[in-house]
Amino acid sequence: MEQNYVIIVAAGTGSRMGGNLPKQFIPINGKPILMHTLLKFHLSETKPKIMLVLSSEMESYWKKLCLEYDFQVPHELCHGGDSRFQSVKNGLAKLRSLIEVPANAIIAVHDAARPLLSTQLIDALYQEVANGPHAVIPAVQSSSSVRFGNENKSEAVDRNQVWLVQTPQVFQAALLLEAYDQEESASFTDDASVVENWNENKMSNNLLIFPGEHQNLKITYQEDLAIAQLLLE
Ligand SMILES: Nc1ccn([C@@H]2O[C@H](COP(=O)(O)OP(=O)(O)OP(=O)(O)O)[C@@H](O)[C@H]2O)c(=O)n1
Ligand SMILES: C[C@](O)(CO)[C@H](O)COP(=O)(O)O
């Protein structure tokens with residue numbers, strides 16, 4: 001039975017990017033950003049089964065794009081919600097409705113807006129979780145000095161203790177599925193924060209930071225498109 005899965009969340013509107021087309025559908029170097037992202041997982045050695053979460057309004061547009069670009073990467077589709085949390089939750093529910101997910105399976109959650117990660121990073125993260133910890137999240141350190149506070153009052157902090165968190169965040173299936181059964185909270189900014197909140201004590205030291213990639217940026221603002229264009233093959 002297949003043991004590795006990824007939920008790719010692509011139901012956002014891209015409000016910080018602006019424009020009429022949600023950013024994940026903008027073409028870069030010959031194809032929409034979302035296709036680049038799915039391809040990275042498909043081309044990895046892990047080759048997880050892909051659940052793509054789209055807003056219901058974009059489903060027919062995506063299907064049209066797949067025909068237009070002859071896009072052959074196998075994936076299942078489901079509809080997203082009003083927040084990233086709801087979109088991930090819907091993706092997990094659809095996965096469960098299709099198959100019985102073994103407790104020891106591994107599920108990653110990845111932003112559609114992060115097409116620049118390497119296949120090596122994908123494989124390394126799944127391998128880490130297979131080796132032991134319950135959860136592994138990629139992160140990088142700041143190349144700038146870091147301060148805590150506001151415009152009027154701030155203090156320098158030790159940047160070696162600050163981590164800029166990326167996706168894919170990779171989890172043992174049982175843990176992620178249980179965590180996403182809880183009520184949504186405004187403090188959830190990523191999947192690790194959902195899992196930690198579900199049971200702080202149980203997680204203890206089992207959520208590990210793994211070296212991410214500076215190039216694995218989340219395309220958020222207009223200027224990120226130019227960087228992605230340079231870095232994407
Ligand atoms: N309701 C939502 C909100 C976000 N996402 C996805 O979560 C990822 C990270 O979110 P972000 O970069 O913030 O995307 P948007 O929410 O689209 O952007 P913005 O916050 O600028 O509107 C994106 O791939 C986005 O499509 C989602 O699936 N469902
Ligand atoms: C999940 C995430 O990409 C990890 O860095 C990030 O938290 C998403 O934040 P956003 O404000 O929703 O873009």
# chains A, B, ... in the order shown; residues from 1 in each chain; ligands from 1

$ residues_near_ligand --ligand "ligand 2" --cutoff "6 Å" --atoms "only C-alpha atoms and all ligand atoms" --output "MDAnalysis selection string"
chainID A and resid 165:167 189:190

$ residues_around --residues "Pro211 of chain A" --least-positions-apart "2" --cutoff "10 Å" --atoms "only C-alpha atoms" --output "mmCIF file with N, CA and C atoms, in the first residue's frame"
data_model
loop_
_atom_site.group_PDB
_atom_site.id
_atom_site.type_symbol
_atom_site.label_atom_id
_atom_site.label_comp_id
_atom_site.auth_asym_id
_atom_site.auth_seq_id
_atom_site.Cartn_x
_atom_site.Cartn_y
_atom_site.Cartn_z
ATOM 1 N N LEU A 121 15.303 18.055 -1.306
ATOM 2 C CA LEU A 121 14.730 18.471 -0.020
ATOM 3 C C LEU A 121 13.480 17.633 0.283
ATOM 4 N N ALA A 124 14.581 14.190 1.409
ATOM 5 C CA ALA A 124 15.247 14.209 2.721
ATOM 6 C C ALA A 124 14.231 14.349 3.850
ATOM 7 N N LEU A 125 13.203 15.156 3.637
ATOM 8 C CA LEU A 125 12.206 15.378 4.698
ATOM 9 C C LEU A 125 11.379 14.110 4.954
ATOM 10 N N VAL A 136 8.773 16.871 10.867
ATOM 11 C CA VAL A 136 9.981 17.583 10.457
ATOM 12 C C VAL A 136 9.563 18.770 9.599
ATOM 13 N N ILE A 137 10.101 19.950 9.954
ATOM 14 C CA ILE A 137 9.760 21.140 9.174
ATOM 15 C C ILE A 137 11.046 21.799 8.673
ATOM 16 N N PRO A 138 11.048 22.192 7.383
ATOM 17 C CA PRO A 138 12.241 22.859 6.863
ATOM 18 C C PRO A 138 12.248 24.329 7.280
ATOM 19 N N ALA A 139 13.428 24.841 7.570
ATOM 20 C CA ALA A 139 13.536 26.249 7.962
ATOM 21 C C ALA A 139 14.948 26.736 7.673
ATOM 22 N N VAL A 140 15.055 28.042 7.479
ATOM 23 C CA VAL A 140 16.371 28.653 7.247
ATOM 24 C C VAL A 140 16.574 29.768 8.265
ATOM 25 N N GLN A 141 17.830 30.185 8.407
ATOM 26 C CA GLN A 141 18.118 31.267 9.338
ATOM 27 C C GLN A 141 18.183 32.591 8.595
ATOM 28 N N TRP A 163 14.200 31.043 13.353
ATOM 29 C CA TRP A 163 14.063 30.182 12.171
ATOM 30 C C TRP A 163 12.915 30.656 11.299
ATOM 31 N N VAL A 165 10.347 29.607 8.754
ATOM 32 C CA VAL A 165 9.794 28.274 8.490
ATOM 33 C C VAL A 165 9.195 28.183 7.090
ATOM 34 N N GLN A 166 9.454 27.046 6.446
ATOM 35 C CA GLN A 166 8.981 26.813 5.085
ATOM 36 C C GLN A 166 8.030 25.610 5.057
ATOM 37 N N LEU A 208 11.055 18.364 14.691
ATOM 38 C CA LEU A 208 12.435 18.798 14.429
ATOM 39 C C LEU A 208 12.498 19.790 13.278
ATOM 40 N N ILE A 209 13.438 20.723 13.410
ATOM 41 C CA ILE A 209 13.734 21.632 12.301
ATOM 42 C C ILE A 209 14.805 20.980 11.433
ATOM 43 N N GLU A 213 15.793 25.517 2.347
ATOM 44 C CA GLU A 213 16.558 26.080 1.225
ATOM 45 C C GLU A 213 16.175 27.547 1.069
ATOM 46 N N HIS A 214 17.179 28.430 0.993
ATOM 47 C CA HIS A 214 16.857 29.851 0.831
ATOM 48 C C HIS A 214 16.052 30.081 -0.447
#

$ select_by_dssp --residues "segment 148-190 of chain A" --states "helix (DSSP H, G or I)" --output "NGL selection string"
:A and (159-161 or 173-179)

$ write_last_selection --atoms "C-alpha atoms" --output "tab-separated table (two decimals), in the first residue's frame"
chain	number	residue	atom	x	y	z
A	159	ARG	CA	19.47	35.48	15.16
A	160	ASN	CA	20.93	32.00	15.61
A	161	GLN	CA	17.81	31.18	17.55
A	173	ALA	CA	-0.15	10.50	9.40
A	174	ALA	CA	-1.89	9.69	12.69
A	175	LEU	CA	-0.55	12.85	14.32
A	176	LEU	CA	-1.51	15.21	11.50
A	177	LEU	CA	-4.97	13.68	11.07
A	178	GLU	CA	-5.76	13.97	14.78
A	179	ALA	CA	-4.39	17.52	15.02

$ residues_around --residues "Lys94 of chain A" --least-positions-apart "5" --cutoff "12 Å" --atoms "only C-alpha atoms" --output "number ranges by chain"
A: 7, 50-53, 76-80, 87-89, 99-101, 177

$ write_last_selection --atoms "N, CA and C atoms" --output "PDB file, in the first residue's frame"
ATOM      1  N   ILE A   7      -0.383  16.899   0.617  1.00  0.00           N
ATOM      2  CA  ILE A   7      -1.520  17.782   0.389  1.00  0.00           C
ATOM      3  C   ILE A   7      -0.928  19.082  -0.133  1.00  0.00           C
ATOM      4  N   ILE A  50      -0.509  12.617  -4.656  1.00  0.00           N
ATOM      5  CA  ILE A  50      -0.793  14.056  -4.520  1.00  0.00           C
ATOM      6  C   ILE A  50      -2.289  14.332  -4.372  1.00  0.00           C
ATOM      7  N   MET A  51      -2.635  15.102  -3.315  1.00  0.00           N
ATOM      8  CA  MET A  51      -3.990  15.646  -3.164  1.00  0.00           C
ATOM      9  C   MET A  51      -3.890  17.149  -3.379  1.00  0.00           C
ATOM     10  N   LEU A  52      -4.516  17.636  -4.446  1.00  0.00           N
ATOM     11  CA  LEU A  52      -4.452  19.070  -4.763  1.00  0.00           C
ATOM     12  C   LEU A  52      -5.733  19.755  -4.291  1.00  0.00           C
ATOM     13  N   VAL A  53      -5.554  20.803  -3.479  1.00  0.00           N
ATOM     14  CA  VAL A  53      -6.705  21.526  -2.915  1.00  0.00           C
ATOM     15  C   VAL A  53      -6.882  22.844  -3.671  1.00  0.00           C
ATOM     16  N   GLU A  76      -5.259  13.791  -7.172  1.00  0.00           N
ATOM     17  CA  GLU A  76      -6.678  13.865  -6.814  1.00  0.00           C
ATOM     18  C   GLU A  76      -6.980  15.324  -6.515  1.00  0.00           C
ATOM     19  N   LEU A  77      -8.259  15.696  -6.670  1.00  0.00           N
ATOM     20  CA  LEU A  77      -8.662  17.082  -6.424  1.00  0.00           C
ATOM     21  C   LEU A  77      -9.651  17.173  -5.279  1.00  0.00           C
ATOM     22  N   CYS A  78      -9.558  18.258  -4.510  1.00  0.00           N
ATOM     23  CA  CYS A  78     -10.667  18.571  -3.608  1.00  0.00           C
ATOM     24  C   CYS A  78     -10.773  20.081  -3.442  1.00  0.00           C
ATOM     25  N   HIS A  79     -11.862  20.535  -2.828  1.00  0.00           N
ATOM     26  CA  HIS A  79     -12.108  21.971  -2.705  1.00  0.00           C
ATOM     27  C   HIS A  79     -11.567  22.530  -1.394  1.00  0.00           C
ATOM     28  N   GLY A  80     -11.036  23.739  -1.456  1.00  0.00           N
ATOM     29  CA  GLY A  80     -10.470  24.383  -0.273  1.00  0.00           C
ATOM     30  C   GLY A  80     -11.512  25.116   0.544  1.00  0.00           C
ATOM     31  N   SER A  87      -8.440  24.579   4.242  1.00  0.00           N
ATOM     32  CA  SER A  87      -8.039  23.903   2.999  1.00  0.00           C
ATOM     33  C   SER A  87      -7.274  22.615   3.291  1.00  0.00           C
ATOM     34  N   VAL A  88      -6.354  22.685   4.269  1.00  0.00           N
ATOM     35  CA  VAL A  88      -5.608  21.461   4.624  1.00  0.00           C
ATOM     36  C   VAL A  88      -6.579  20.419   5.182  1.00  0.00           C
ATOM     37  N   LYS A  89      -7.467  20.880   6.044  1.00  0.00           N
ATOM     38  CA  LYS A  89      -8.451  19.968   6.672  1.00  0.00           C
ATOM     39  C   LYS A  89      -9.293  19.263   5.597  1.00  0.00           C
ATOM     40  N   ILE A  99      -9.138   6.521   0.714  1.00  0.00           N
ATOM     41  CA  ILE A  99      -8.360   5.362   1.140  1.00  0.00           C
ATOM     42  C   ILE A  99      -8.288   5.312   2.663  1.00  0.00           C
ATOM     43  N   GLU A 100      -7.967   4.143   3.169  1.00  0.00           N
ATOM     44  CA  GLU A 100      -7.686   4.049   4.602  1.00  0.00           C
ATOM     45  C   GLU A 100      -6.215   4.396   4.779  1.00  0.00           C
ATOM     46  N   VAL A 101      -5.948   5.542   5.370  1.00  0.00           N
ATOM     47  CA  VAL A 101      -4.551   5.982   5.513  1.00  0.00           C
ATOM     48  C   VAL A 101      -3.939   5.226   6.687  1.00  0.00           C
ATOM     49  N   LEU A 177      -3.520  13.876  11.201  1.00  0.00           N
ATOM     50  CA  LEU A 177      -4.973  13.684  11.066  1.00  0.00           C
ATOM     51  C   LEU A 177      -5.689  14.054  12.362  1.00  0.00           C
TER      52      LEU A 177
END

$ select_by_dssp --residues "segment 14-54 of chain A" --states "strand (DSSP E or B)" --output "ChimeraX atom specification"
/A:27-28,31-32,49-54

$ residues_near_ligand --ligand "ligand 1" --cutoff "6 Å" --atoms "only C-alpha atoms and all ligand atoms" --output "short mmCIF file (atom, residue, chain, number, x, y, z; two decimals) with N, CA and C atoms, in the first residue's frame"
data_model
loop_
_atom_site.label_atom_id
_atom_site.label_comp_id
_atom_site.auth_asym_id
_atom_site.auth_seq_id
_atom_site.Cartn_x
_atom_site.Cartn_y
_atom_site.Cartn_z
N VAL A 9 -1.72 22.79 -1.03
CA VAL A 9 -2.81 23.75 -0.86
C VAL A 9 -2.68 24.88 -1.87
N ALA A 10 -3.74 25.03 -2.67
CA ALA A 10 -3.73 26.00 -3.77
C ALA A 10 -5.07 26.71 -3.89
N ALA A 11 -5.71 26.92 -2.75
CA ALA A 11 -7.05 27.53 -2.78
C ALA A 11 -7.04 28.99 -2.36
N GLY A 12 -5.87 29.58 -2.25
CA GLY A 12 -5.78 30.99 -1.84
C GLY A 12 -6.08 31.93 -3.00
N THR A 13 -6.28 33.21 -2.65
CA THR A 13 -6.63 34.20 -3.68
C THR A 13 -5.44 35.07 -4.08
N GLY A 14 -4.37 35.01 -3.32
CA GLY A 14 -3.19 35.80 -3.65
C GLY A 14 -3.43 37.30 -3.52
N SER A 15 -4.04 37.71 -2.41
CA SER A 15 -4.39 39.14 -2.26
C SER A 15 -3.16 40.03 -2.20
N ARG A 16 -2.05 39.56 -1.63
CA ARG A 16 -0.85 40.40 -1.56
C ARG A 16 -0.18 40.54 -2.93
N MET A 17 -0.44 39.59 -3.81
CA MET A 17 0.11 39.66 -5.18
C MET A 17 -0.72 40.62 -6.02
N GLY A 80 -11.04 23.74 -1.46
CA GLY A 80 -10.47 24.38 -0.27
C GLY A 80 -11.51 25.12 0.54
N GLY A 81 -11.04 25.80 1.58
CA GLY A 81 -11.93 26.56 2.45
C GLY A 81 -11.49 28.01 2.52
N ASP A 82 -12.04 28.73 3.51
CA ASP A 82 -11.77 30.16 3.61
C ASP A 82 -10.40 30.47 4.20
N SER A 83 -9.76 29.50 4.83
CA SER A 83 -8.42 29.72 5.39
C SER A 83 -7.53 28.56 4.98
N ARG A 84 -6.22 28.76 5.15
CA ARG A 84 -5.30 27.66 4.83
C ARG A 84 -5.63 26.45 5.68
N SER A 87 -8.44 24.58 4.24
CA SER A 87 -8.04 23.90 3.00
C SER A 87 -7.27 22.62 3.29
N ASP A 111 2.75 24.39 0.33
CA ASP A 111 2.13 25.54 -0.32
C ASP A 111 2.33 25.46 -1.83
N ALA A 112 1.24 25.60 -2.58
CA ALA A 112 1.36 25.67 -4.05
C ALA A 112 2.30 26.80 -4.45
N ALA A 113 2.34 27.84 -3.60
CA ALA A 113 3.12 29.03 -3.93
C ALA A 113 4.62 28.87 -3.66
N THR A 220 4.81 35.57 -2.98
CA THR A 220 3.79 36.33 -2.24
C THR A 220 3.54 37.69 -2.89
#

$ closest_residue --among "A:Lys23, A:Lys47, A:Lys218, A:Arg96" --to "Asp123 of chain A" --atoms "only C-alpha atoms"
A:Lys47

$ atom_distance --atom1 "atom CA of Asp224 of chain A" --atom2 "atom CA of Pro27 of chain A"
13.2 Å

$ atom_distance --atom1 "atom CA of Phe171 of chain A" --atom2 "atom CA of Leu54 of chain A"
21.7 Å

$ atom_distance --atom1 "atom CA of Ile107 of chain A" --atom2 "atom CA of Asn4 of chain A"
6.0 Å
